[in-house]
Every structure is written in structure tokens, then in C-alpha cells.
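Undergrad: As input, take query-v4.txt (compact mmCIF, N, CA and C atoms):
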```txt
# COMPACT_ATOMS: atom_id res chain seq x y z
N MET A 1 0.85 -1.17 0.00
CA MET A 1 0.00 0.00 0.00
C MET A 1 0.90 1.23 0.00
N THR A 2 0.52 2.22 -0.80
CA THR A 2 1.30 3.43 -0.95
C THR A 2 0.44 4.66 -0.65
N VAL A 3 1.01 5.59 0.08
CA VAL A 3 0.36 6.86 0.36
C VAL A 3 1.15 7.95 -0.35
N VAL A 4 0.45 8.70 -1.19
CA VAL A 4 1.07 9.85 -1.85
C VAL A 4 0.40 11.09 -1.27
N ALA A 5 1.19 11.91 -0.62
CA ALA A 5 0.67 13.11 0.05
C ALA A 5 1.22 14.36 -0.61
N CYS A 6 0.45 15.40 -0.55
CA CYS A 6 0.84 16.66 -1.17
C CYS A 6 0.39 17.82 -0.30
N LYS A 7 1.24 18.83 -0.16
CA LYS A 7 0.87 20.07 0.52
C LYS A 7 0.86 21.18 -0.52
N ILE A 8 -0.31 21.77 -0.72
CA ILE A 8 -0.49 22.83 -1.70
C ILE A 8 -0.56 24.17 -0.97
N LYS A 9 0.28 25.11 -1.41
CA LYS A 9 0.27 26.45 -0.82
C LYS A 9 -0.45 27.40 -1.77
N LEU A 10 -1.44 28.10 -1.21
CA LEU A 10 -2.23 29.05 -1.98
C LEU A 10 -2.06 30.46 -1.44
N HIS A 11 -2.01 31.43 -2.36
CA HIS A 11 -2.02 32.84 -1.99
C HIS A 11 -3.42 33.35 -2.29
N LEU A 12 -4.02 34.06 -1.33
CA LEU A 12 -5.38 34.57 -1.45
C LEU A 12 -5.33 36.10 -1.39
N PRO A 13 -4.96 36.76 -2.50
CA PRO A 13 -4.70 38.21 -2.44
C PRO A 13 -5.92 39.07 -2.13
N LEU A 14 -7.13 38.60 -2.43
CA LEU A 14 -8.32 39.41 -2.19
C LEU A 14 -8.94 39.19 -0.82
N SER A 15 -8.41 38.25 -0.06
CA SER A 15 -8.97 37.95 1.25
C SER A 15 -8.59 39.04 2.24
N ARG A 16 -9.60 39.57 2.92
CA ARG A 16 -9.37 40.63 3.91
C ARG A 16 -9.76 40.21 5.32
N SER A 17 -10.17 38.93 5.48
CA SER A 17 -10.55 38.45 6.80
C SER A 17 -10.46 36.93 6.81
N LEU A 18 -10.47 36.35 8.01
CA LEU A 18 -10.47 34.89 8.11
C LEU A 18 -11.76 34.31 7.54
N LYS A 19 -12.87 35.03 7.69
CA LYS A 19 -14.14 34.56 7.14
C LYS A 19 -14.08 34.47 5.62
N ALA A 20 -13.52 35.47 4.98
CA ALA A 20 -13.37 35.46 3.53
C ALA A 20 -12.44 34.34 3.09
N LYS A 21 -11.36 34.16 3.85
CA LYS A 21 -10.42 33.09 3.55
C LYS A 21 -11.12 31.73 3.62
N ARG A 22 -11.88 31.51 4.66
CA ARG A 22 -12.56 30.22 4.86
C ARG A 22 -13.51 29.91 3.70
N GLN A 23 -14.20 30.92 3.17
CA GLN A 23 -15.09 30.71 2.04
C GLN A 23 -14.33 30.24 0.81
N ILE A 24 -13.20 30.87 0.54
CA ILE A 24 -12.39 30.50 -0.62
C ILE A 24 -11.83 29.09 -0.45
N VAL A 25 -11.25 28.81 0.71
CA VAL A 25 -10.64 27.50 0.97
C VAL A 25 -11.70 26.40 0.94
N LYS A 26 -12.85 26.67 1.51
CA LYS A 26 -13.94 25.69 1.50
C LYS A 26 -14.36 25.37 0.07
N SER A 27 -14.40 26.37 -0.78
CA SER A 27 -14.74 26.16 -2.19
C SER A 27 -13.69 25.30 -2.90
N VAL A 28 -12.42 25.61 -2.67
CA VAL A 28 -11.34 24.84 -3.30
C VAL A 28 -11.41 23.38 -2.84
N ILE A 29 -11.54 23.16 -1.54
CA ILE A 29 -11.60 21.81 -0.99
C ILE A 29 -12.81 21.05 -1.55
N GLY A 30 -13.94 21.70 -1.61
CA GLY A 30 -15.14 21.06 -2.14
C GLY A 30 -14.99 20.65 -3.60
N GLN A 31 -14.38 21.52 -4.39
CA GLN A 31 -14.19 21.20 -5.81
C GLN A 31 -13.21 20.05 -5.99
N VAL A 32 -12.14 20.03 -5.21
CA VAL A 32 -11.17 18.92 -5.31
C VAL A 32 -11.85 17.61 -4.91
N ARG A 33 -12.61 17.62 -3.82
CA ARG A 33 -13.31 16.41 -3.38
C ARG A 33 -14.29 15.90 -4.42
N SER A 34 -14.97 16.81 -5.11
CA SER A 34 -15.98 16.38 -6.08
C SER A 34 -15.38 15.86 -7.37
N HIS A 35 -14.13 16.22 -7.66
CA HIS A 35 -13.50 15.79 -8.92
C HIS A 35 -12.53 14.62 -8.76
N PHE A 36 -12.02 14.40 -7.57
CA PHE A 36 -11.00 13.37 -7.36
C PHE A 36 -11.34 12.52 -6.14
N GLU A 37 -10.91 11.29 -6.15
CA GLU A 37 -11.09 10.41 -5.00
C GLU A 37 -9.87 10.51 -4.09
N VAL A 38 -9.78 11.61 -3.37
CA VAL A 38 -8.67 11.89 -2.47
C VAL A 38 -9.21 12.47 -1.18
N ALA A 39 -8.40 12.40 -0.14
CA ALA A 39 -8.70 13.09 1.11
C ALA A 39 -8.06 14.47 1.03
N VAL A 40 -8.77 15.49 1.47
CA VAL A 40 -8.25 16.85 1.38
C VAL A 40 -8.74 17.66 2.58
N ALA A 41 -7.83 18.51 3.12
CA ALA A 41 -8.17 19.35 4.26
C ALA A 41 -7.20 20.52 4.35
N GLU A 42 -7.63 21.59 5.01
CA GLU A 42 -6.72 22.70 5.28
C GLU A 42 -5.81 22.28 6.41
N VAL A 43 -4.50 22.39 6.22
CA VAL A 43 -3.55 21.84 7.19
C VAL A 43 -2.56 22.87 7.75
N GLY A 44 -2.52 24.06 7.21
CA GLY A 44 -1.54 25.01 7.70
C GLY A 44 -1.94 26.44 7.41
N ALA A 45 -1.20 27.37 7.99
CA ALA A 45 -1.45 28.81 7.85
C ALA A 45 -2.88 29.14 8.22
N LEU A 46 -3.36 28.55 9.29
CA LEU A 46 -4.77 28.67 9.66
C LEU A 46 -5.16 30.07 10.10
N ASP A 47 -4.24 30.85 10.64
CA ASP A 47 -4.57 32.18 11.15
C ASP A 47 -4.13 33.31 10.23
N LEU A 48 -3.64 32.97 9.04
CA LEU A 48 -3.21 34.00 8.09
C LEU A 48 -4.31 34.24 7.06
N TRP A 49 -4.62 35.50 6.80
CA TRP A 49 -5.72 35.84 5.91
C TRP A 49 -5.44 35.52 4.45
N GLN A 50 -4.22 35.68 4.02
CA GLN A 50 -3.93 35.60 2.59
C GLN A 50 -3.07 34.40 2.19
N LEU A 51 -2.93 33.45 3.07
CA LEU A 51 -2.15 32.26 2.76
C LEU A 51 -2.88 31.04 3.30
N SER A 52 -2.87 29.96 2.52
CA SER A 52 -3.50 28.72 2.96
C SER A 52 -2.64 27.55 2.53
N GLU A 53 -2.61 26.52 3.35
CA GLU A 53 -1.95 25.27 3.01
C GLU A 53 -2.99 24.17 3.06
N ILE A 54 -3.12 23.45 1.95
CA ILE A 54 -4.10 22.38 1.84
C ILE A 54 -3.36 21.07 1.65
N GLY A 55 -3.73 20.07 2.43
CA GLY A 55 -3.14 18.74 2.31
C GLY A 55 -4.05 17.84 1.50
N VAL A 56 -3.44 17.07 0.60
CA VAL A 56 -4.17 16.13 -0.24
C VAL A 56 -3.46 14.79 -0.13
N VAL A 57 -4.24 13.71 0.06
CA VAL A 57 -3.66 12.38 0.20
C VAL A 57 -4.38 11.40 -0.71
N CYS A 58 -3.58 10.58 -1.40
CA CYS A 58 -4.12 9.53 -2.25
C CYS A 58 -3.55 8.19 -1.77
N LEU A 59 -4.42 7.26 -1.46
CA LEU A 59 -4.02 5.92 -1.04
C LEU A 59 -4.18 4.99 -2.23
N THR A 60 -3.12 4.27 -2.60
CA THR A 60 -3.15 3.46 -3.80
C THR A 60 -2.19 2.27 -3.67
N THR A 61 -2.25 1.38 -4.64
CA THR A 61 -1.32 0.25 -4.68
C THR A 61 -0.19 0.51 -5.67
N ASP A 62 -0.33 1.55 -6.47
CA ASP A 62 0.66 1.87 -7.52
C ASP A 62 1.19 3.29 -7.31
N VAL A 63 2.48 3.41 -7.08
CA VAL A 63 3.11 4.71 -6.82
C VAL A 63 2.87 5.66 -7.99
N ARG A 64 3.06 5.18 -9.18
CA ARG A 64 2.92 6.03 -10.37
C ARG A 64 1.49 6.58 -10.47
N HIS A 65 0.52 5.74 -10.22
CA HIS A 65 -0.88 6.18 -10.26
C HIS A 65 -1.13 7.27 -9.22
N GLY A 66 -0.64 7.08 -8.01
CA GLY A 66 -0.81 8.08 -6.95
C GLY A 66 -0.17 9.40 -7.32
N GLN A 67 1.01 9.36 -7.90
CA GLN A 67 1.69 10.59 -8.30
C GLN A 67 0.93 11.30 -9.43
N GLU A 68 0.36 10.52 -10.34
CA GLU A 68 -0.43 11.10 -11.43
C GLU A 68 -1.68 11.80 -10.87
N VAL A 69 -2.34 11.15 -9.92
CA VAL A 69 -3.54 11.74 -9.32
C VAL A 69 -3.19 13.05 -8.62
N ILE A 70 -2.14 13.05 -7.84
CA ILE A 70 -1.74 14.26 -7.12
C ILE A 70 -1.33 15.36 -8.09
N SER A 71 -0.63 15.00 -9.15
CA SER A 71 -0.26 15.99 -10.17
C SER A 71 -1.50 16.59 -10.83
N LYS A 72 -2.51 15.77 -11.09
CA LYS A 72 -3.75 16.27 -11.68
C LYS A 72 -4.49 17.18 -10.71
N VAL A 73 -4.45 16.84 -9.42
CA VAL A 73 -5.08 17.69 -8.42
C VAL A 73 -4.41 19.06 -8.40
N ALA A 74 -3.07 19.09 -8.40
CA ALA A 74 -2.34 20.36 -8.38
C ALA A 74 -2.64 21.18 -9.64
N SER A 75 -2.70 20.53 -10.79
CA SER A 75 -3.04 21.23 -12.03
C SER A 75 -4.47 21.77 -11.98
N PHE A 76 -5.36 20.97 -11.42
CA PHE A 76 -6.75 21.39 -11.28
C PHE A 76 -6.86 22.63 -10.40
N VAL A 77 -6.19 22.62 -9.27
CA VAL A 77 -6.22 23.76 -8.35
C VAL A 77 -5.61 24.99 -9.02
N ALA A 78 -4.52 24.80 -9.75
CA ALA A 78 -3.88 25.93 -10.43
C ALA A 78 -4.80 26.52 -11.50
N GLY A 79 -5.66 25.70 -12.08
CA GLY A 79 -6.53 26.17 -13.14
C GLY A 79 -7.89 26.65 -12.69
N LEU A 80 -8.17 26.62 -11.40
CA LEU A 80 -9.46 27.09 -10.91
C LEU A 80 -9.64 28.56 -11.25
N LYS A 81 -10.81 28.90 -11.69
CA LYS A 81 -11.11 30.28 -12.10
C LYS A 81 -11.71 31.08 -10.97
N LEU A 82 -11.19 30.92 -9.79
CA LEU A 82 -11.72 31.65 -8.65
C LEU A 82 -11.32 33.12 -8.69
N GLY A 83 -10.17 33.40 -9.28
CA GLY A 83 -9.68 34.76 -9.29
C GLY A 83 -9.20 35.23 -7.93
N GLU A 84 -9.41 34.38 -6.92
CA GLU A 84 -9.08 34.77 -5.56
C GLU A 84 -7.99 33.89 -4.96
N ALA A 85 -7.62 32.82 -5.65
CA ALA A 85 -6.62 31.89 -5.13
C ALA A 85 -5.58 31.60 -6.21
N GLU A 86 -4.32 31.76 -5.84
CA GLU A 86 -3.22 31.50 -6.75
C GLU A 86 -2.35 30.40 -6.16
N LEU A 87 -2.05 29.38 -6.95
CA LEU A 87 -1.17 28.31 -6.50
C LEU A 87 0.25 28.84 -6.43
N LEU A 88 0.84 28.81 -5.24
CA LEU A 88 2.23 29.24 -5.07
C LEU A 88 3.18 28.10 -5.38
N ASN A 89 2.96 26.96 -4.73
CA ASN A 89 3.76 25.76 -4.99
C ASN A 89 3.10 24.56 -4.34
N TYR A 90 3.66 23.39 -4.63
CA TYR A 90 3.19 22.19 -3.95
C TYR A 90 4.35 21.23 -3.79
N GLU A 91 4.29 20.46 -2.70
CA GLU A 91 5.33 19.48 -2.39
C GLU A 91 4.65 18.10 -2.27
N THR A 92 5.30 17.10 -2.82
CA THR A 92 4.74 15.75 -2.80
C THR A 92 5.68 14.83 -2.06
N GLU A 93 5.09 13.89 -1.32
CA GLU A 93 5.87 12.88 -0.59
C GLU A 93 5.19 11.53 -0.76
N VAL A 94 6.00 10.49 -0.92
CA VAL A 94 5.49 9.13 -1.10
C VAL A 94 5.94 8.29 0.08
N ALA A 95 5.01 7.50 0.62
CA ALA A 95 5.33 6.60 1.74
C ALA A 95 4.78 5.21 1.42
N GLU A 96 5.64 4.22 1.55
CA GLU A 96 5.23 2.83 1.38
C GLU A 96 4.84 2.28 2.76
N LEU A 97 3.64 1.71 2.86
CA LEU A 97 3.17 1.14 4.11
C LEU A 97 3.02 -0.37 3.96
N LEU A 98 3.08 -1.06 5.08
CA LEU A 98 2.91 -2.52 5.04
C LEU A 98 1.49 -2.90 4.89
```
Show how you would write the structure in this file as C-alpha cells.
TA:
Amino acid sequence: MTVVACKIKLHLPLSRSLKAKRQIVKSVIGQVRSHFEVAVAEVGALDLWQLSEIGVVCLTTDVRHGQEVISKVASFVAGLKLGEAELLNYETEVAELL
């Protein structure tokens, strides 16, 4: 069993409050969940108005498949037409489990 995890960093330039940030992040998370079979949650920068870190995890038996899914998720997030969220970068990690 393989776990492919990714941390996506987003810049939210139009966010002026934590409430506004939560609306944007909730929308991004909801769209990722509806398009991909992955676990996703906000995992960092919780108290910053204009920065968000979202964690995405794919559990699979094939490393290559997991990496492809995570790559598609990152491309999907980068292509969202929210106008309020910009993908800064993403980091991927692979873990083999027994």
C-alpha cells in the first residue's frame, strides 16, 4: 500500500478576513473532493488571511498512479477560475506502508 501526500500552498490576495479566507478555501476543498477520489483538508497557515496550506492524500497500490492523481489535483487547483486563489507551490511525498 502506498500513500502519496501533497501540501499545496495558496495565496489569497483578495482575502481581507479569516471569514473570507474560509469561504475560498472551502470552495477549493469542495471542488477537489468532487473531482477526485482523495482526502483533502486545510492543514496550515490557519490564522493567516492571505495564505493557505491544503493537504491532499491519495491511497493506492501503484506509486505512479498516486503521483499522477496528485499531479492532476495540483493542475486542477492551479486552473481554478476563482480569481481569488493562486497556486504558489506544492510538495509531494510518497510513503510505502505494510
Undergrad: Using only N, CA and C atoms, determine which residues lie at most 7 Å from segment 47-63 of chain A, disregarding the query and same-chain residues fewer than 5 positions distant; provide the list as a PyMOL selection string.
TA: chain A and resi 1-18+21+37-42+68+70
Undergrad: For the helix (DSSP H, G or I) assignment from backbone DSSP, which residues of chain A qualify? Please present them as a ChimeraX atom specification.
TA: /A:18-35,63-78
Undergrad: May I ask for the distance between atom CA of Gly44 of chain A and atom CA of Arg22 of chain A, given in Å to one decimal place?
TA: 12.5 Å
Undergrad: How many Å separate atom CA of Gly66 of chain A from atom CA of Glu91 of chain A?
TA: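 Answer for the atom CA of Gly66 of chain A to atom CA of Glu91 of chain A separation: 13.7 Å.
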Undergrad: Would you work out the distance separating atom C of Leu80 of chain A from atom C of Ser27 of chain A, expressed in Å to one decimal?
TA: 9.8 Å
Undergrad: Kindly indicate which residue among A:Val32, A:Leu98, A:Leu87, A:Val43 lies nearest to Val69 of chain A, using only C-alpha atoms for the distances.
TA: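 Going through A:Val32, A:Leu98, A:Leu87, A:Val43 one by one, the smallest distance to Val69 of chain A is for A:Val32.
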Undergrad: Hey, what's within 9 Å of Phe36 of chain A if we count only C-alpha atoms and toss same-chain stuff fewer than 5 positions away? As a ChimeraX atom specification, please?
TA: /A:31,69,72-73
